[in-house]
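Visitor: For reference, this is my_file.cif, and it has mmCIF, C-alpha atoms.
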data_work
#
loop_
_atom_site.label_atom_id
_atom_site.label_comp_id
_atom_site.auth_asym_id
_atom_site.auth_seq_id
_atom_site.Cartn_x
_atom_site.Cartn_y
_atom_site.Cartn_z
CA MET A 6 122.54 114.90 80.12
CA LEU A 7 122.67 111.51 81.88
CA VAL A 8 123.65 113.26 85.15
CA PHE A 9 120.75 115.68 84.71
CA LEU A 10 118.28 112.82 84.18
CA ALA A 11 119.66 110.92 87.15
CA LEU A 12 119.13 113.94 89.41
CA PHE A 13 115.46 113.87 88.51
CA GLY A 14 115.12 110.12 89.04
CA VAL A 15 114.62 109.23 85.38
CA VAL A 16 117.78 107.12 85.14
CA ALA A 17 119.19 105.15 88.07
CA GLY A 18 122.38 103.52 86.83
CA GLY A 19 121.26 101.26 83.99
CA MET A 20 117.62 101.28 85.09
CA ILE A 21 115.07 103.74 83.72
CA ASN A 22 112.34 104.99 86.07
CA LEU A 23 109.22 105.28 83.95
CA ASP A 24 106.74 108.13 84.16
CA ALA A 25 104.13 109.71 81.88
CA ASN A 26 106.79 111.85 80.22
CA ASN A 27 109.27 109.15 79.20
CA VAL A 28 107.41 105.85 78.91
CA ASP A 29 106.40 106.15 75.24
CA GLN A 30 109.84 107.31 74.11
CA THR A 31 111.58 104.59 76.12
CA LEU A 32 109.50 101.86 74.49
CA LYS A 33 109.97 103.43 71.06
CA ASP A 34 113.76 103.84 71.30
CA ASN A 35 114.63 100.36 72.62
CA PRO A 36 113.93 97.08 70.78
CA LEU A 37 113.51 95.18 74.07
CA VAL A 38 112.37 96.71 77.36
CA MET A 39 111.80 94.71 80.52
CA ILE A 40 109.49 96.50 82.98
CA ASN A 41 109.37 95.80 86.70
CA PHE A 42 105.90 96.91 87.86
CA SER A 43 106.19 97.39 91.61
CA ALA A 44 104.55 98.99 94.65
CA GLY A 45 106.63 100.46 97.45
CA TRP A 46 104.39 99.01 100.16
CA CYS A 47 104.89 95.44 98.84
CA ARG A 48 107.73 93.62 100.60
CA TYR A 49 108.35 91.43 97.56
CA SER A 50 108.74 94.56 95.43
CA GLN A 51 111.12 95.98 98.01
CA ALA A 52 113.25 92.81 97.98
CA LEU A 53 113.37 92.69 94.17
CA LYS A 54 114.30 96.31 93.48
CA PRO A 55 118.04 96.20 94.42
CA ILE A 56 118.45 92.92 92.51
CA TYR A 57 116.71 94.42 89.50
CA GLU A 58 118.89 97.54 89.65
CA LYS A 59 122.03 95.39 89.60
CA ALA A 60 120.68 93.41 86.63
CA ALA A 61 120.01 96.71 84.83
CA ASP A 62 123.58 97.81 85.51
CA ALA A 63 124.91 94.49 84.19
CA LEU A 64 122.93 94.92 80.97
CA GLU A 65 123.50 98.66 80.59
CA ASN A 66 125.81 98.26 77.59
CA THR A 67 123.84 95.47 75.89
CA PRO A 68 122.64 96.89 72.54
CA GLY A 69 118.88 97.21 72.17
CA VAL A 70 118.04 96.34 75.78
CA LYS A 71 116.78 98.45 78.67
CA LEU A 72 115.45 97.51 82.08
CA ALA A 73 112.75 99.88 83.32
CA TYR A 74 110.93 100.36 86.61
CA ALA A 75 107.31 101.46 87.07
CA ASP A 76 106.16 102.65 90.49
CA CYS A 77 102.50 101.65 90.46
CA VAL A 78 101.67 103.94 93.38
CA ALA A 79 103.16 107.10 91.87
CA HIS A 80 102.37 106.20 88.24
CA ASN A 81 99.29 104.03 88.38
CA ASP A 82 98.31 105.12 84.86
CA ILE A 83 101.22 103.13 83.42
CA CYS A 84 100.37 100.03 85.42
CA THR A 85 96.69 100.29 84.53
CA LYS A 86 97.56 100.53 80.83
CA TYR A 87 99.43 97.22 81.07
CA ARG A 88 96.74 95.64 83.28
CA VAL A 89 98.98 94.99 86.24
CA SER A 90 97.17 94.11 89.45
CA LYS A 91 99.80 92.15 91.42
CA TYR A 92 103.27 93.15 92.51
CA PRO A 93 105.93 92.75 91.46
CA THR A 94 105.09 91.84 87.87
CA MET A 95 107.77 91.76 85.17
CA LYS A 96 106.72 92.13 81.56
CA PHE A 97 108.50 92.62 78.24
CA VAL A 98 107.81 95.12 75.48
CA ARG A 99 109.45 94.22 72.20
CA SER A 100 109.48 96.63 69.27
CA GLY A 101 106.74 98.61 71.02
CA GLU A 102 104.47 95.58 71.50
CA LEU A 103 103.74 93.82 74.78
CA MET A 104 104.97 90.24 74.75
CA LYS A 105 102.57 87.59 76.01
CA SER A 106 104.97 85.87 78.39
CA GLU A 107 105.81 87.50 81.71
CA TYR A 108 109.10 86.83 83.48
CA ARG A 109 108.48 84.08 86.03
CA GLY A 110 112.06 82.94 86.56
CA GLN A 111 114.30 83.19 89.57
CA ARG A 112 114.66 86.68 90.99
CA SER A 113 118.42 86.96 90.81
CA VAL A 114 120.82 89.08 88.77
CA GLU A 115 122.17 85.99 87.01
CA ALA A 116 118.74 84.57 86.10
CA ILE A 117 117.38 87.89 84.82
CA THR A 118 120.43 88.67 82.68
CA GLU A 119 120.51 85.11 81.30
CA HIS A 120 116.83 85.34 80.34
CA ILE A 121 117.37 88.69 78.61
CA ASN A 122 120.39 87.37 76.70
CA LYS A 123 118.33 84.39 75.48
CA LEU A 124 115.60 86.74 74.28
CA MET A 125 118.20 88.61 72.23
CA GLU A 126 119.43 85.46 70.46
CA ASP A 127 118.48 84.85 66.83
CA PRO A 128 115.43 82.51 66.96
CA VAL A 129 115.41 81.96 63.19
CA LYS A 130 116.35 78.39 62.26
CA GLN A 131 118.43 77.97 59.12
CA LEU A 132 117.43 75.54 56.38
CA HIS A 133 119.91 74.28 53.79
CA GLY A 134 118.14 73.44 50.57
CA ASP A 135 114.80 72.11 49.38
CA GLU A 136 115.30 68.63 50.83
CA GLU A 137 115.47 69.99 54.39
CA LEU A 138 112.37 72.09 53.69
CA LYS A 139 110.52 69.08 52.31
CA THR A 140 111.38 67.06 55.43
CA LEU A 141 110.28 69.89 57.72
CA LYS A 142 106.94 70.25 55.94
CA SER A 143 106.26 66.52 56.22
CA GLU A 144 107.27 66.28 59.89
CA THR A 145 105.42 69.30 61.28
CA LYS A 146 101.68 69.88 61.17
CA SER A 147 101.81 73.49 62.34
CA LYS A 148 102.19 76.58 60.20
CA PHE A 149 105.56 78.30 60.04
CA VAL A 150 107.13 81.33 58.38
CA LEU A 151 109.90 80.91 55.79
CA GLY A 152 112.09 83.65 54.38
CA TYR A 153 114.61 83.69 51.53
CA PHE A 154 117.44 86.23 52.02
CA ALA A 155 120.70 87.13 50.29
CA SER A 156 122.57 86.88 53.62
CA THR A 157 122.04 87.04 57.38
CA SER A 158 123.42 90.59 57.29
CA SER A 159 120.84 91.91 54.82
CA TYR A 160 118.38 94.47 56.14
CA GLY A 161 115.47 92.24 55.17
CA TYR A 162 116.87 89.44 57.31
CA GLU A 163 117.30 91.82 60.27
CA VAL A 164 113.63 92.80 60.00
CA PHE A 165 112.70 89.11 59.72
CA LYS A 166 114.77 88.28 62.83
CA SER A 167 113.18 91.14 64.78
CA SER A 168 109.73 89.80 63.93
CA ALA A 169 110.80 86.30 65.01
CA GLN A 170 111.98 87.73 68.34
CA ALA A 171 108.73 89.66 68.77
CA MET A 172 106.69 86.49 68.02
CA LEU A 173 108.87 84.18 70.14
CA GLY A 174 106.88 81.16 71.31
CA GLN A 175 103.93 81.98 69.05
CA CYS A 176 105.18 81.02 65.59
CA HIS A 177 108.30 79.31 64.22
CA PHE A 178 110.55 81.16 61.76
CA TYR A 179 112.88 79.51 59.25
CA ALA A 180 115.18 80.98 56.62
CA MET A 181 117.36 80.06 53.67
CA THR A 182 120.25 82.44 53.08
CA GLY A 183 123.26 82.83 50.80
CA ASP A 184 123.79 80.08 48.23
CA ASP A 185 120.83 78.08 49.62
CA ALA A 186 118.50 80.98 48.76
CA LYS A 187 120.02 82.13 45.46
CA PRO A 188 117.87 79.99 43.10
CA LYS A 189 114.64 81.07 44.79
CA ILE A 190 115.61 84.75 44.97
CA ALA A 191 116.49 84.60 41.27
CA SER A 192 113.05 83.14 40.52
CA PHE A 193 111.52 86.04 42.50
CA GLY A 194 113.18 88.56 40.20
CA GLY A 195 116.02 89.16 42.65
CA GLN A 196 113.69 90.01 45.53
CA GLU A 197 113.87 88.56 49.05
CA ARG A 198 110.55 86.95 49.99
CA VAL A 199 108.63 85.72 53.04
CA PHE A 200 106.04 82.93 52.97
CA LEU A 201 103.58 81.26 55.31
CA VAL A 202 104.00 77.49 54.91
CA ASN A 203 101.74 74.54 55.81
CA ASP A 204 98.59 76.65 55.67
CA VAL A 205 95.45 74.72 54.73
CA ASP A 206 94.96 77.07 51.77
CA GLY A 207 98.51 76.57 50.53
CA GLU A 208 101.49 78.88 50.80
CA LYS A 209 100.80 82.55 51.39
CA VAL A 210 103.16 85.28 50.24
CA TYR A 211 103.80 88.31 52.43
CA GLN A 212 102.95 91.32 50.25
CA GLY A 213 103.82 94.06 52.75
CA SER A 214 106.95 96.15 53.17
CA ALA A 215 110.09 94.10 53.71
CA THR A 216 111.51 96.88 55.91
CA ASN A 217 108.46 97.33 58.17
CA GLN A 218 108.87 95.03 61.17
CA PRO A 219 105.54 95.88 62.91
CA GLN A 220 103.70 95.25 59.63
CA LEU A 221 105.43 91.89 59.16
CA SER A 222 104.70 90.88 62.77
CA THR A 223 101.04 91.81 62.35
CA TRP A 224 100.84 89.69 59.18
CA VAL A 225 102.44 86.73 60.96
CA LYS A 226 100.14 87.10 63.96
CA GLU A 227 97.05 87.20 61.75
CA ASN A 228 98.12 84.23 59.62
CA CYS A 229 100.31 81.98 61.77
CA VAL A 230 98.96 82.34 65.31
CA PRO A 231 95.42 80.96 65.74
CA LEU A 232 93.03 83.56 67.12
CA VAL A 233 91.51 80.88 69.33
CA ARG A 234 93.79 78.05 70.45
CA GLU A 235 92.84 74.69 71.89
CA ILE A 236 93.88 74.05 75.49
CA THR A 237 94.77 70.46 76.38
CA PHE A 238 96.37 68.73 79.34
CA GLU A 239 99.60 68.72 77.32
CA ASN A 240 99.83 72.47 76.67
CA GLY A 241 97.93 73.81 79.68
CA GLU A 242 101.05 74.57 81.72
CA GLU A 243 102.70 76.34 78.78
CA LEU A 244 99.61 78.52 78.24
CA THR A 245 99.44 79.30 81.95
CA GLU A 246 103.07 80.45 81.85
CA GLU A 247 102.03 83.22 79.45
CA GLY A 248 100.43 84.83 82.51
CA LEU A 249 97.21 85.94 80.80
CA PRO A 250 93.66 85.13 81.96
CA PHE A 251 91.87 82.49 79.89
CA VAL A 252 88.65 83.21 78.00
CA ILE A 253 87.54 79.63 77.39
CA LEU A 254 84.82 78.01 75.35
CA PHE A 255 84.01 74.57 76.81
CA HIS A 256 82.30 72.51 74.11
CA ASP A 257 81.38 69.02 73.00
CA PRO A 258 84.29 67.80 70.81
CA GLU A 259 81.72 66.85 68.15
CA ASP A 260 80.39 70.42 68.16
CA GLN A 261 82.65 72.49 65.92
CA GLU A 262 79.94 75.02 65.06
CA SER A 263 80.20 76.62 68.50
CA VAL A 264 83.98 76.88 68.02
CA LYS A 265 83.47 78.60 64.66
CA LEU A 266 80.93 81.03 66.14
CA PHE A 267 83.15 81.77 69.13
CA THR A 268 86.15 82.40 66.86
CA GLN A 269 84.05 84.64 64.62
CA LYS A 270 82.85 86.77 67.54
CA VAL A 271 86.33 87.01 69.03
CA SER A 272 87.54 88.24 65.63
CA GLU A 273 84.71 90.78 65.33
CA GLN A 274 84.72 92.08 68.90
CA CYS A 275 88.04 91.37 70.57
CA GLN A 276 91.01 91.59 68.18
CA ASP A 277 92.62 94.30 70.31
CA GLN A 278 92.21 92.23 73.50
CA ARG A 279 94.75 89.55 72.50
CA THR A 280 97.59 91.11 74.53
CA GLY A 281 95.44 90.99 77.69
CA VAL A 282 93.77 87.55 77.56
CA ASN A 283 94.18 84.17 75.87
CA PHE A 284 91.22 82.99 73.80
CA LEU A 285 90.91 79.21 74.08
CA HIS A 286 88.55 76.33 73.44
CA ALA A 287 88.48 73.08 75.41
CA ASP A 288 86.93 69.64 75.29
CA GLY A 289 84.15 70.02 77.85
CA PHE A 290 84.16 66.31 78.65
CA LYS A 291 87.88 66.20 79.41
CA PHE A 292 87.63 69.46 81.36
CA ALA A 293 84.43 68.59 83.22
CA HIS A 294 85.97 69.43 86.60
CA PRO A 295 86.40 73.18 85.89
CA LEU A 296 82.80 73.18 84.65
CA SER A 297 81.66 71.85 88.01
CA HIS A 298 83.21 74.88 89.72
CA LEU A 299 80.95 77.02 87.56
CA GLY A 300 77.88 75.02 88.60
CA ARG A 301 77.67 73.48 85.13
CA THR A 302 77.91 69.97 83.67
CA THR A 303 78.54 68.54 80.21
CA LYS A 304 74.77 68.77 79.63
CA ASP A 305 75.11 72.57 79.63
CA LEU A 306 77.71 72.73 76.82
CA PRO A 307 78.71 75.00 75.16
CA VAL A 308 79.79 77.21 78.06
CA ILE A 309 82.01 80.31 78.07
CA ALA A 310 83.99 81.37 81.13
CA ILE A 311 86.99 83.42 82.19
CA ASP A 312 89.67 81.85 84.35
CA SER A 313 91.63 84.66 86.04
CA PHE A 314 93.77 82.10 87.96
CA LYS A 315 92.06 83.36 91.13
CA HIS A 316 88.40 82.84 90.23
CA MET A 317 86.31 81.54 87.36
CA TYR A 318 83.59 83.78 85.97
CA LEU A 319 80.66 82.45 83.96
CA PHE A 320 79.40 84.15 80.81
CA PRO A 321 75.60 84.16 81.33
CA LYS A 322 74.45 82.44 78.13
CA PHE A 323 76.41 81.18 75.16
CA GLU A 324 73.83 82.62 72.72
CA ASN A 325 74.60 86.11 74.02
CA ILE A 326 77.88 86.24 72.09
CA LYS A 327 75.71 86.99 69.06
CA LYS A 328 74.69 90.28 70.69
CA HIS A 329 76.67 93.40 69.85
CA ASN A 330 79.98 93.56 71.78
CA ARG A 331 78.64 91.36 74.57
CA LEU A 332 81.73 89.14 74.66
CA ARG A 333 83.96 92.22 74.59
CA ARG A 334 82.07 93.73 77.52
CA PHE A 335 82.56 90.52 79.50
CA ILE A 336 86.35 90.89 79.07
CA GLU A 337 86.22 94.60 79.91
CA ASP A 338 84.33 93.70 83.10
CA LEU A 339 87.25 91.45 84.02
CA HIS A 340 89.83 94.22 83.57
CA SER A 341 87.71 96.84 85.33
CA GLY A 342 87.29 94.56 88.36
CA ARG A 343 83.52 94.31 88.03
CA LEU A 344 83.52 90.51 87.72
CA HIS A 345 85.67 90.22 90.84
CA ARG A 346 83.39 92.53 92.81
CA GLU A 347 80.29 90.65 91.65
CA PHE A 348 81.92 87.38 92.65
CA HIS A 349 82.39 88.72 96.17
CA GLY A 350 78.80 89.86 96.49
CA GLU A 351 78.65 93.42 95.17
CA VAL A 352 75.34 94.01 93.38
CA PHE A 353 75.04 96.03 90.16
CA ASN A 354 71.57 96.96 88.94
CA ASP A 355 72.43 98.61 85.63
CA ARG A 356 71.88 95.40 83.63
CA VAL A 357 68.98 93.84 85.49
CA GLY A 358 67.19 91.20 83.43
CA GLU A 359 69.52 91.67 80.47
CA ASP A 360 71.09 88.21 80.36
CA ASP A 361 70.23 86.42 83.55
CA GLU A 362 68.38 83.15 83.52
CA GLN A 363 66.88 84.28 86.82
CA PRO A 364 66.70 87.71 88.48
CA PRO A 365 69.99 88.96 89.98
CA PRO A 366 70.41 88.93 93.78
CA LYS A 367 68.83 91.89 95.57
CA ASN A 368 71.80 92.44 97.87
CA ALA A 369 75.16 91.05 99.00
CA GLU A 370 73.57 88.66 101.51
CA GLU A 371 71.40 87.06 98.84
CA ALA A 372 74.40 86.83 96.48
CA ALA A 373 76.42 85.04 99.18
CA LYS A 374 73.56 82.63 99.78
CA LYS A 375 73.34 81.82 96.06
CA ARG A 376 77.08 81.10 95.92
CA ALA A 377 76.83 78.82 98.95
CA GLU A 378 73.95 76.93 97.35
CA LYS A 379 75.96 76.49 94.14
CA ARG A 380 78.98 75.15 96.04
CA SER A 381 76.81 72.64 97.88
CA CYS A 382 75.85 71.18 94.51
CA ASP A 383 79.46 70.82 93.22
#
As a first step, turn the structure in this file into structure tokens.

Guide:
Amino acid sequence: MLVFLALFGVVAGGMINLDANNVDQTLKDNPLVMINFSAGWCRYSQALKPIYEKAADALENTPGVKLAYADCVAHNDICTKYRVSKYPTMKFVRSGELMKSEYRGQRSVEAITEHINKLMEDPVKQLHGDEELKTLKSETKSKFVLGYFASTSSYGYEVFKSSAQAMLGQCHFYAMTGDDAKPKIASFGGQERVFLVNDVDGEKVYQGSATNQPQLSTWVKENCVPLVREITFENGEELTEEGLPFVILFHDPEDQESVKLFTQKVSEQCQDQRTGVNFLHADGFKFAHPLSHLGRTTKDLPVIAIDSFKHMYLFPKFENIKKHNRLRRFIEDLHSGRLHREFHGEVFNDRVGEDDEQPPPKNAEEAAKKRAEKRSCD
């Protein structure tokens, strides 16, 4: 069968060539899939492909891991689904879910295989008794997930570990196992349990299926990972490394009502957009310089914008997030390319007068003039 698939270009050594017929099954059958999204005309894609093939061969016998290749010219539907617009781009799908962080390491066989092997390590940190837990709770301000398991070989622990791997970098996982966990498991009627710790409302107990990894990961994401995170000078580089455009609320640090409203509307309109963008809020006084690139000052706060890492796009009016799916449409306009085309002067007349503080430009020349005037004021 492997020879048959190779003849048709589905399998090349250890690398799987993705197409519409095999992509869903490949992602379903393998706990971790790295995908190289490439275009044949791109010289960087051309240079990477033989290196990537060798890395796939080196990892061919690694349990639970597959390296896949997506030709974005022949199979643009796959690349569009994962919102790939630059080549090559290397992303990870873990347990069927797209991971936030792209691969941005060195493009060598050694670096790729080392990164994959690290991703397959057990990220769960072991705690030994209540004293260690008490110290951890006092020393960390962030939420974390804690599980009590009979042993590290129990099925419940394997599910817990898989969720920790899927949520790597987003939430910390800790566990007590064996003798350390026995008293607690006994108090739970002999059942293994998972908790959210350090939540403002106290500990939360996971009530879902202990054998359903996607369900556990969803619960962790909803309870441990903030829907809207704060971006600071300290974590800005780390957030950028995730490779996702920023949807940012710039606000006065004394104004927490706008943060609450923004978070509420993100929750109502954009829950399914979290794998494609990062929702953030920022101190508009500390980040006054990005505001200036939008033609805004601290007097205009609160301000919403998208930073695509190429351009910044301004949401017309903050109050418009109260309108039905308006924030969602703004994000969809980013992914469809409409914001980029508008930035470069293309005029759309289907929303004339809808949000604009002043009438939209009549043509590309007028749009270019308006942009030049804005830059002269920066």

Visitor: Which one of A:Asp127, A:Glu197, A:Asp76, A:Asp29 sits closest to His177 (chain A) if you count only C-alpha atoms?

Guide: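 Nearest to His177 (chain A): A:Asp127.
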
Visitor: Would you be able to write out as an MDAnalysis selection string which residues have an atom within 6 Å of (110.6, 79.0, 58.0) in the file's coordinates, counting only C-alpha atoms?

Guide: chainID A and resid 149:151 178:180

Visitor: Just the residues within 12 Å of Ser341 (chain A), please, counting only C-alpha atoms, with nothing from its chain fewer than 3 positions along; format it as an MDAnalysis selection string.

Guide: chainID A and resid 85:86 88:90 334:338 344:347

Visitor: Give me the box for region 349-359 of chain A as JSON, namely the centre and edge lengths in Å to one decimal of a box along x, y and z that holds every listed atom plus 3 Å on each side.

Guide:
{"center_x": 74.8, "center_y": 93.7, "center_z": 88.5, "size_x": 21.2, "size_y": 15.9, "size_z": 22.0}

Visitor: Point out the residue among A:Cys47, A:Ala215, A:Ala293, A:Leu339 with the least atom-to-atom distance to Lys166 (chain A), counting all atoms listed in the file.

Guide: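 Closest to Lys166 (chain A) of all the choices is A:Ala215.
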
Visitor: Excluding Lys105 (chain A) and its own-chain neighbours fewer than 4 positions away, which residues fall within 12 Å of it when counting all atoms listed in the file? Please give them as a ChimeraX atom specification.

Guide: /A:87,95-99,171-175,243-250,278-283

Visitor: Report the residues retrieved by the PyMOL selection byres ((chain A and resi 79) around 12) from the displayed file, expressed as a VMD selection string.

Guide: chain A and resid 22 to 25 42 to 46 74 to 78 80 to 85

Visitor: If the PyMOL selection byres ((chain A and resi 52-58) around 9) is run on the structure shown, which residues does it catch, given as a PyMOL selection string?

Guide: chain A and resi 17-20+41+43+47-51+59-63+72+74+93+112-114+117

Visitor: With C-alpha atoms retained, could you export that selection as a PDB file, in the coordinates of the input?

Guide:
ATOM      1  CA  ALA A  17     119.190 105.150  88.070  1.00  0.00           C
ATOM      2  CA  GLY A  18     122.380 103.520  86.830  1.00  0.00           C
ATOM      3  CA  GLY A  19     121.260 101.260  83.990  1.00  0.00           C
ATOM      4  CA  MET A  20     117.620 101.280  85.090  1.00  0.00           C
ATOM      5  CA  ASN A  41     109.370  95.800  86.700  1.00  0.00           C
ATOM      6  CA  SER A  43     106.190  97.390  91.610  1.00  0.00           C
ATOM      7  CA  CYS A  47     104.890  95.440  98.840  1.00  0.00           C
ATOM      8  CA  ARG A  48     107.730  93.620 100.600  1.00  0.00           C
ATOM      9  CA  TYR A  49     108.350  91.430  97.560  1.00  0.00           C
ATOM     10  CA  SER A  50     108.740  94.560  95.430  1.00  0.00           C
ATOM     11  CA  GLN A  51     111.120  95.980  98.010  1.00  0.00           C
ATOM     12  CA  LYS A  59     122.030  95.390  89.600  1.00  0.00           C
ATOM     13  CA  ALA A  60     120.680  93.410  86.630  1.00  0.00           C
ATOM     14  CA  ALA A  61     120.010  96.710  84.830  1.00  0.00           C
ATOM     15  CA  ASP A  62     123.580  97.810  85.510  1.00  0.00           C
ATOM     16  CA  ALA A  63     124.910  94.490  84.190  1.00  0.00           C
ATOM     17  CA  LEU A  72     115.450  97.510  82.080  1.00  0.00           C
ATOM     18  CA  TYR A  74     110.930 100.360  86.610  1.00  0.00           C
ATOM     19  CA  PRO A  93     105.930  92.750  91.460  1.00  0.00           C
ATOM     20  CA  ARG A 112     114.660  86.680  90.990  1.00  0.00           C
ATOM     21  CA  SER A 113     118.420  86.960  90.810  1.00  0.00           C
ATOM     22  CA  VAL A 114     120.820  89.080  88.770  1.00  0.00           C
ATOM     23  CA  ILE A 117     117.380  87.890  84.820  1.00  0.00           C
TER      24      ILE A 117
END

Visitor: Work out how far apart CA of Phe292 (chain A) and CA of Asp260 (chain A) are and give it in Å to one decimal.

Guide: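 These two atoms are separated by 15.1 Å.
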
Visitor: Could you tell me which residues the PyMOL selection byres ((chain A and resi 208) around 12) grabs in this file, written as a list in words?

Guide: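 Checking the PyMOL selection byres ((chain A and resi 208) around 12) against this file, the residues are Lys142, Lys148, Phe149, Val150, Leu151, Val199, Phe200, Leu201, Val202, Asn203, Asp204, Val205, Asp206, Gly207, Lys209, Val210, Tyr211, Asn228 and Cys229 of chain A.
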
Visitor: If I take CA of Gly350 (chain A) and CA of Leu319 (chain A), how far is one from the other in Å, to one decimal?

Guide: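 One can read the CA of Gly350 (chain A) to CA of Leu319 (chain A) distance as 14.7 Å.
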
Visitor: Pick out the closest residue to Ser167 (chain A) from this set: A:Val271, A:Ala287, A:Leu266, A:Leu37. Count all atoms listed in the file.

Guide: A:Leu37

Visitor: In Å, how far is it from CA of Glu119 (chain A) to CA of Leu32 (chain A)?

Guide: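 Computed distance, CA of Glu119 (chain A) to CA of Leu32 (chain A), equals 21.2 Å.
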
Visitor: Of the residues A:Phe154, A:Phe165, A:Tyr160, A:Phe314, which is the one nearest to Pro188 (chain A), using all atoms listed in the file?

Guide: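 Checking each candidate against Pro188 (chain A), we get A:Phe154 as the closest.
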
Visitor: When distances are computed from only C-alpha atoms, which of A:Asn66, A:Gln274, A:Asn240, A:Thr302 shows the smallest separation from Phe255 (chain A)?

Guide: A:Thr302

Visitor: Ranking A:Thr237, A:Ser168, A:Thr223, A:Ser156 by minimum distance to Ile190 (chain A) and counting all atoms listed in the file, which one comes first?

Guide: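 Among the listed residues, A:Ser156 lies closest to Ile190 (chain A).
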
Visitor: Residues near Leu306 (chain A), anyone? I mean within 10 Å using all atoms listed in the file, not counting same-chain ones fewer than 2 positions away, as a PyMOL selection string.

Guide: chain A and resi 254-257+260+263+288-290+296+301-304+308-309+323

Visitor: Please work out which residues fall within 12 Å of (85.5, 98.2, 68.1), coordinates as given in the file, with only C-alpha atoms counting, and return them as number ranges by chain.

Guide: A: 270-278, 329-334

Visitor: Deliver the residues from the most recent selection as a file, using C-alpha atoms, as an mmCIF file, keeping the file's coordinate frame.

Guide:
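Written out: out-v7.cif:
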data_model
loop_
_atom_site.group_PDB
_atom_site.id
_atom_site.type_symbol
_atom_site.label_atom_id
_atom_site.label_comp_id
_atom_site.auth_asym_id
_atom_site.auth_seq_id
_atom_site.Cartn_x
_atom_site.Cartn_y
_atom_site.Cartn_z
ATOM 1 C CA LYS A 270 82.850 86.770 67.540
ATOM 2 C CA VAL A 271 86.330 87.010 69.030
ATOM 3 C CA SER A 272 87.540 88.240 65.630
ATOM 4 C CA GLU A 273 84.710 90.780 65.330
ATOM 5 C CA GLN A 274 84.720 92.080 68.900
ATOM 6 C CA CYS A 275 88.040 91.370 70.570
ATOM 7 C CA GLN A 276 91.010 91.590 68.180
ATOM 8 C CA ASP A 277 92.620 94.300 70.310
ATOM 9 C CA GLN A 278 92.210 92.230 73.500
ATOM 10 C CA HIS A 329 76.670 93.400 69.850
ATOM 11 C CA ASN A 330 79.980 93.560 71.780
ATOM 12 C CA ARG A 331 78.640 91.360 74.570
ATOM 13 C CA LEU A 332 81.730 89.140 74.660
ATOM 14 C CA ARG A 333 83.960 92.220 74.590
ATOM 15 C CA ARG A 334 82.070 93.730 77.520
#
